[in-house]
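Q: I am sharing target05.pdb, which consists of PDB, C-alpha atoms:
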```pdb
MODEL        1
ATOM      1  CA  ILE A 372      24.267  18.194 -83.779
ATOM      2  CA  ILE A 373      23.936  14.707 -82.327
ATOM      3  CA  ASN A 374      27.625  13.996 -82.954
ATOM      4  CA  ASN A 375      28.609  17.310 -81.376
ATOM      5  CA  ASN A 376      26.607  16.635 -78.159
ATOM      6  CA  SER A 377      27.969  13.116 -77.918
ATOM      7  CA  SER A 378      31.512  14.420 -78.266
ATOM      8  CA  LYS A 379      30.982  16.984 -75.459
ATOM      9  CA  LYS A 380      29.639  14.246 -73.166
ATOM     10  CA  ASP A 381      32.672  12.089 -73.852
ATOM     11  CA  ASN A 382      34.990  14.981 -72.980
ATOM     12  CA  ILE A 383      33.164  15.622 -69.731
ATOM     13  CA  LEU A 384      33.284  11.969 -68.749
ATOM     14  CA  GLU A 385      36.994  11.609 -69.480
ATOM     15  CA  LYS A 386      39.244  11.332 -66.458
ATOM     16  CA  LYS A 387      40.550  14.734 -65.471
ATOM     17  CA  GLU A 388      44.321  14.930 -65.186
ATOM     18  CA  LEU A 389      45.569  16.828 -62.176
ATOM     19  CA  THR A 390      48.005  19.661 -62.589
ATOM     20  CA  SER A 391      51.238  19.610 -60.644
ATOM     21  CA  GLN A 392      49.874  22.430 -58.447
ATOM     22  CA  GLU A 393      46.738  20.408 -57.622
ATOM     23  CA  ILE A 394      48.887  17.391 -56.745
ATOM     24  CA  ALA A 395      51.082  19.546 -54.515
ATOM     25  CA  ASP A 396      47.980  21.010 -52.824
ATOM     26  CA  LEU A 397      46.586  17.515 -52.184
ATOM     27  CA  GLN A 398      49.920  16.353 -50.747
ATOM     28  CA  THR A 399      50.031  19.384 -48.458
ATOM     29  CA  GLU A 400      46.467  18.753 -47.271
ATOM     30  CA  TYR A 401      47.249  15.060 -46.710
ATOM     31  CA  GLN A 402      50.299  15.946 -44.595
ATOM     32  CA  ARG A 403      48.281  18.489 -42.606
ATOM     33  CA  LEU A 404      45.621  15.856 -41.854
ATOM     34  CA  GLN A 405      48.292  13.301 -40.887
ATOM     35  CA  ASN A 406      49.836  15.795 -38.444
ATOM     36  CA  GLN A 407      46.402  16.640 -37.037
ATOM     37  CA  LEU A 408      45.657  12.954 -36.463
ATOM     38  CA  GLU A 409      49.016  12.424 -34.759
ATOM     39  CA  ASN A 410      48.448  15.430 -32.484
ATOM     40  CA  GLN A 411      44.954  14.217 -31.664
ATOM     41  CA  GLU A 412      46.300  10.794 -30.640
ATOM     42  CA  GLN A 413      48.861  12.442 -28.350
ATOM     43  CA  GLN A 414      46.207  14.705 -26.815
ATOM     44  CA  LEU A 415      43.856  11.771 -26.167
ATOM     45  CA  LEU A 416      46.650   9.784 -24.544
ATOM     46  CA  ALA A 417      47.553  12.749 -22.324
ATOM     47  CA  GLN A 418      43.890  13.199 -21.314
ATOM     48  CA  PHE A 419      43.579   9.487 -20.527
ATOM     49  CA  GLN A 420      46.738   9.533 -18.420
ATOM     50  CA  GLN A 421      45.647  12.677 -16.555
ATOM     51  CA  SER A 422      42.208  11.230 -15.809
ATOM     52  CA  SER A 423      43.728   7.959 -14.573
ATOM     53  CA  LEU A 424      46.248   9.783 -12.397
ATOM     54  CA  GLN A 425      43.477  11.863 -10.825
ATOM     55  CA  THR A 426      41.534   8.712  -9.983
ATOM     56  CA  LEU A 427      44.625   7.035  -8.485
ATOM     57  CA  GLU A 428      45.916  10.220  -6.802
ATOM     58  CA  SER A 429      45.350   9.105  -3.209
ATOM     59  CA  LEU A 430      47.067   5.775  -3.917
ATOM     60  CA  LEU A 431      50.043   7.424  -5.598
ATOM     61  CA  ILE A 432      50.499   9.928  -2.788
ATOM     62  CA  GLN A 433      49.732   7.858   0.318
ATOM     63  CA  PHE A 434      50.851   4.333  -0.532
ATOM     64  CA  PRO A 435      54.640   4.924  -0.546
ATOM     65  CA  THR A 436      54.454   6.450   2.951
ATOM     66  CA  ALA A 437      52.228   3.640   4.241
ATOM     67  CA  ALA A 438      54.520   1.017   2.724
ATOM     68  CA  LYS A 439      57.580   2.632   4.335
ATOM     69  CA  LYS A 440      55.867   2.731   7.745
ATOM     70  CA  ALA A 441      54.828  -0.932   7.385
ATOM     71  CA  LYS A 442      58.436  -1.919   6.583
ATOM     72  CA  GLU A 443      59.749   0.070   9.557
ATOM     73  CA  ASN A 444      57.127  -1.301  11.973
ATOM     74  CA  ARG A 445      56.453  -4.995  11.268
ATOM     75  CA  GLN A 446      53.690  -4.905  13.940
ATOM     76  CA  LEU A 447      51.594  -2.479  11.862
ATOM     77  CA  PRO A 448      48.559  -4.423  10.573
ATOM     78  CA  ALA A 449      48.445  -4.719   6.791
ATOM     79  CA  ALA A 450      44.678  -4.216   7.020
ATOM     80  CA  ASN A 451      45.391  -0.499   7.569
ATOM     81  CA  ILE A 452      46.918  -0.269   4.093
ATOM     82  CA  ILE A 453      44.149  -2.060   2.181
ATOM     83  CA  PRO A 454      41.780   0.964   1.938
ATOM     84  CA  LEU A 455      44.582   3.024   0.394
ATOM     85  CA  ILE A 456      44.750   0.542  -2.458
ATOM     86  CA  GLU A 457      41.185  -0.718  -2.637
ATOM     87  CA  LYS A 458      39.288   2.583  -2.939
ATOM     88  CA  PRO A 459      41.138   4.146  -5.895
ATOM     89  CA  ILE A 460      41.318   0.897  -7.834
ATOM     90  CA  THR A 461      37.613   0.198  -7.271
ATOM     91  CA  ARG A 462      36.789   3.747  -8.390
ATOM     92  CA  LEU A 463      38.894   3.400 -11.522
ATOM     93  CA  LEU A 464      37.276   0.084 -12.429
ATOM     94  CA  GLN A 465      33.820   1.622 -11.934
ATOM     95  CA  GLU A 466      34.682   4.610 -14.134
ATOM     96  CA  TRP A 467      35.822   2.227 -16.890
ATOM     97  CA  GLY A 468      32.743   0.021 -16.521
ATOM     98  CA  ILE A 469      34.769  -2.995 -15.410
ATOM     99  CA  ILE A 470      32.787  -5.419 -13.259
ATOM    100  CA  PRO A 471      34.286  -8.225 -11.141
ATOM    101  CA  ILE A 472      33.097 -11.802 -11.617
ATOM    102  CA  ALA A 473      31.983 -12.771  -8.095
ATOM    103  CA  GLU A 474      33.996 -12.228  -4.911
ATOM    104  CA  VAL A 475      36.954 -14.168  -3.601
ATOM    105  CA  GLY A 476      35.638 -17.111  -1.579
ATOM    106  CA  ALA A 477      32.213 -17.165  -3.236
ATOM    107  CA  GLU A 478      30.886 -20.627  -4.018
ATOM    108  CA  LEU A 479      28.854 -20.977  -7.181
ATOM    109  CA  PRO A 480      28.125 -23.276 -10.121
ATOM    110  CA  TYR A 481      31.036 -23.848 -12.485
ATOM    111  CA  GLN A 482      30.678 -21.996 -15.795
ATOM    112  CA  PRO A 483      33.591 -22.759 -18.145
ATOM    113  CA  GLU A 484      32.853 -19.596 -20.146
ATOM    114  CA  ILE A 485      33.754 -17.347 -17.209
ATOM    115  CA  HIS A 486      35.707 -19.662 -14.878
ATOM    116  CA  GLN A 487      39.164 -21.188 -15.234
ATOM    117  CA  LEU A 488      39.867 -24.276 -13.152
ATOM    118  CA  ILE A 489      43.098 -24.089 -11.159
ATOM    119  CA  GLU A 490      43.006 -27.817 -10.470
ATOM    120  CA  GLY A 491      40.818 -30.833 -11.086
ATOM    121  CA  ASN A 492      38.141 -31.583 -13.647
ATOM    122  CA  LEU A 493      34.529 -30.528 -13.310
ATOM    123  CA  GLN A 494      31.336 -30.591 -15.255
ATOM    124  CA  PRO A 495      29.365 -27.377 -15.745
ATOM    125  CA  GLN A 496      27.121 -26.458 -12.801
ATOM    126  CA  GLU A 497      29.229 -28.340 -10.196
ATOM    127  CA  LYS A 498      30.165 -26.118  -7.245
ATOM    128  CA  VAL A 499      33.416 -24.148  -7.342
ATOM    129  CA  LYS A 500      35.064 -21.622  -5.062
ATOM    130  CA  ILE A 501      36.428 -18.343  -6.440
ATOM    131  CA  ARG A 502      40.167 -18.079  -5.705
ATOM    132  CA  TYR A 503      40.998 -15.114  -7.982
ATOM    133  CA  ILE A 504      38.275 -12.906  -9.391
ATOM    134  CA  GLY A 505      37.868 -12.269 -13.086
ATOM    135  CA  TYR A 506      36.535  -9.173 -14.819
ATOM    136  CA  ARG A 507      34.062  -8.145 -17.511
ATOM    137  CA  GLN A 508      33.637  -4.867 -19.317
ATOM    138  CA  GLY A 509      30.128  -4.760 -20.710
ATOM    139  CA  ASP A 510      29.635  -7.947 -22.720
ATOM    140  CA  LYS A 511      33.376  -8.486 -23.091
ATOM    141  CA  LEU A 512      35.149 -10.971 -20.829
ATOM    142  CA  LEU A 513      38.521  -9.524 -19.804
ATOM    143  CA  TYR A 514      39.733 -12.239 -17.408
ATOM    144  CA  ARG A 515      38.103 -15.475 -16.339
ATOM    145  CA  ALA A 516      37.791 -16.036 -12.594
ATOM    146  CA  LYS A 517      40.197 -18.715 -11.338
ATOM    147  CA  VAL A 518      38.337 -21.362  -9.379
ATOM    148  CA  SER A 519      38.815 -24.670  -7.598
ATOM    149  CA  PRO A 520      36.358 -27.451  -6.803
ATOM    150  CA  VAL A 521      34.454 -27.194  -3.516
TER     151      VAL A 521
ENDMDL
END
```
Let's see the structure in the file written out as structure tokens.

A:
Amino acid sequence: IINNNSSKKDNILEKKELTSQEIADLQTEYQRLQNQLENQEQQLLAQFQQSSLQTLESLLIQFPTAAKKAKENRQLPAANIIPLIEKPITRLLQEWGIIPIAEVGAELPYQPEIHQLIEGNLQPQEKVKIRYIGYRQGDKLLYRAKVSPV
């Protein structure tokens, strides 16, 4: 009886060989899941693009007309065009959680981790002026702010 039970256990523990039908079924399921993943990626990309286009809608619609008018009338102040660009881009950055590093012209202590010197050599904490802003997204630094000595 002991030998018989031991033999049954060994048979149960042996690796099961798959039939050709089971292999075919697994291949079919694998292909179905691959197609589903591919479709999901395409759907997510389309949703992302649609959301971004909605945020930038006013820029996409109004900017070409404003640019044409500015080219036709060189006396038209460029300041009139800035809100067309600034508002949608600011909104998009906010929606994505992207935060600027200081403002252009701000003077603050040099921090090599978030600032990139355009010229000169400085020690940390010496005053610099922001020439081009950088950006963060949460804890991640996207672009260091470009700075010059004060």

Q: Excluding Ile460 (chain A) and residues on its chain fewer than 6 positions from it, collect all residues at most 9 Å away from it, counting only C-alpha atoms, and give them as a PyMOL selection string.

A: chain A and resi 426-427+430

Q: Using the selection just defined, write its residues with C-alpha atoms as an mmCIF file, keeping the file's coordinate frame.

A:
```cif
data_model
loop_
_atom_site.group_PDB
_atom_site.id
_atom_site.type_symbol
_atom_site.label_atom_id
_atom_site.label_comp_id
_atom_site.auth_asym_id
_atom_site.auth_seq_id
_atom_site.Cartn_x
_atom_site.Cartn_y
_atom_site.Cartn_z
ATOM 1 C CA THR A 426 41.534 8.712 -9.983
ATOM 2 C CA LEU A 427 44.625 7.035 -8.485
ATOM 3 C CA LEU A 430 47.067 5.775 -3.917
#
```

Q: Show me a table, sorted first by chain and then by increasing residue number, of the residues of region 430-481 of chain A having an atom at most 10 Å from region 488-497 of chain A, each with its shortest atom pair and the distance in Å to one decimal, counting only C-alpha atoms and written as a tab-separated table.

A:
```
residue	atom	partner	partner_atom	distance
A:Leu479	CA	A:Glu497	CA	8.0
A:Pro480	CA	A:Gln496	CA	4.3
A:Tyr481	CA	A:Gln496	CA	4.7
```

Q: Would you kindly translate the PyMOL selection byres ((chain A and resi 515) around 9) into the concrete residues it picks from this file, as a VMD selection string?

A: chain A and resid 472 483 to 487 503 to 507 512 to 514 516 to 517

Q: Excluding same-chain residues fewer than 6 positions from Ser429 (chain A), what lies within 10 Å of it counting all atoms listed in the file, as a PDB file with C-alpha atoms, in the frame of the given file?

A:
```pdb
ATOM      1  CA  LEU A 455      44.582   3.024   0.394  1.00  0.00           C
ATOM      2  CA  ILE A 456      44.750   0.542  -2.458  1.00  0.00           C
ATOM      3  CA  LYS A 458      39.288   2.583  -2.939  1.00  0.00           C
ATOM      4  CA  PRO A 459      41.138   4.146  -5.895  1.00  0.00           C
TER       5      PRO A 459
END
```

Q: Suppose a student applies the PyMOL selection byres ((chain A and resi 462-464) around 10) to this structure; what residues should they get, written as a PDB file with C-alpha atoms, in the coordinates of the input?

A:
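Saved the output as expr25.pdb:
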```
ATOM      1  CA  SER A 422      42.208  11.230 -15.809  1.00  0.00           C
ATOM      2  CA  SER A 423      43.728   7.959 -14.573  1.00  0.00           C
ATOM      3  CA  LEU A 424      46.248   9.783 -12.397  1.00  0.00           C
ATOM      4  CA  GLN A 425      43.477  11.863 -10.825  1.00  0.00           C
ATOM      5  CA  THR A 426      41.534   8.712  -9.983  1.00  0.00           C
ATOM      6  CA  LEU A 427      44.625   7.035  -8.485  1.00  0.00           C
ATOM      7  CA  GLU A 457      41.185  -0.718  -2.637  1.00  0.00           C
ATOM      8  CA  LYS A 458      39.288   2.583  -2.939  1.00  0.00           C
ATOM      9  CA  PRO A 459      41.138   4.146  -5.895  1.00  0.00           C
ATOM     10  CA  ILE A 460      41.318   0.897  -7.834  1.00  0.00           C
ATOM     11  CA  THR A 461      37.613   0.198  -7.271  1.00  0.00           C
ATOM     12  CA  GLN A 465      33.820   1.622 -11.934  1.00  0.00           C
ATOM     13  CA  GLU A 466      34.682   4.610 -14.134  1.00  0.00           C
ATOM     14  CA  TRP A 467      35.822   2.227 -16.890  1.00  0.00           C
ATOM     15  CA  GLY A 468      32.743   0.021 -16.521  1.00  0.00           C
ATOM     16  CA  ILE A 469      34.769  -2.995 -15.410  1.00  0.00           C
ATOM     17  CA  ILE A 470      32.787  -5.419 -13.259  1.00  0.00           C
ATOM     18  CA  PRO A 471      34.286  -8.225 -11.141  1.00  0.00           C
ATOM     19  CA  TYR A 506      36.535  -9.173 -14.819  1.00  0.00           C
ATOM     20  CA  GLN A 508      33.637  -4.867 -19.317  1.00  0.00           C
TER      21      GLN A 508
END
```

Q: For this file, the PyMOL selection byres ((chain A and resi 475) around 9) selects which residues, as a list in words?

A: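 In the shown coordinates, the PyMOL selection byres ((chain A and resi 475) around 9) covers Ala473, Glu474, Gly476, Ala477, Glu478, Lys500, Ile501, Arg502, Tyr503 and Ile504 of chain A.
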
Q: Kindly export the residues of the current selection with C-alpha atoms, as a PDB file, in the coordinates of the input.

A:
```
ATOM      1  CA  ALA A 473      31.983 -12.771  -8.095  1.00  0.00           C
ATOM      2  CA  GLU A 474      33.996 -12.228  -4.911  1.00  0.00           C
ATOM      3  CA  GLY A 476      35.638 -17.111  -1.579  1.00  0.00           C
ATOM      4  CA  ALA A 477      32.213 -17.165  -3.236  1.00  0.00           C
ATOM      5  CA  GLU A 478      30.886 -20.627  -4.018  1.00  0.00           C
ATOM      6  CA  LYS A 500      35.064 -21.622  -5.062  1.00  0.00           C
ATOM      7  CA  ILE A 501      36.428 -18.343  -6.440  1.00  0.00           C
ATOM      8  CA  ARG A 502      40.167 -18.079  -5.705  1.00  0.00           C
ATOM      9  CA  TYR A 503      40.998 -15.114  -7.982  1.00  0.00           C
ATOM     10  CA  ILE A 504      38.275 -12.906  -9.391  1.00  0.00           C
TER      11      ILE A 504
END
```

Q: So what do you get for CA of Pro435 (chain A) versus CA of Pro454 (chain A), distance-wise?

A: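 CA of Pro435 (chain A) sits 13.7 Å away from CA of Pro454 (chain A).
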
Q: Just to confirm, what's the straight-line distance from CA of Phe434 (chain A) to CA of Leu447 (chain A) in Å (one decimal)?

A: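 Interatomic distance here is 14.2 Å.
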
Q: Do you have the CA of Val518 (chain A)-CA of Lys498 (chain A) distance handy?

A: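 CA of Val518 (chain A) sits 9.7 Å away from CA of Lys498 (chain A).
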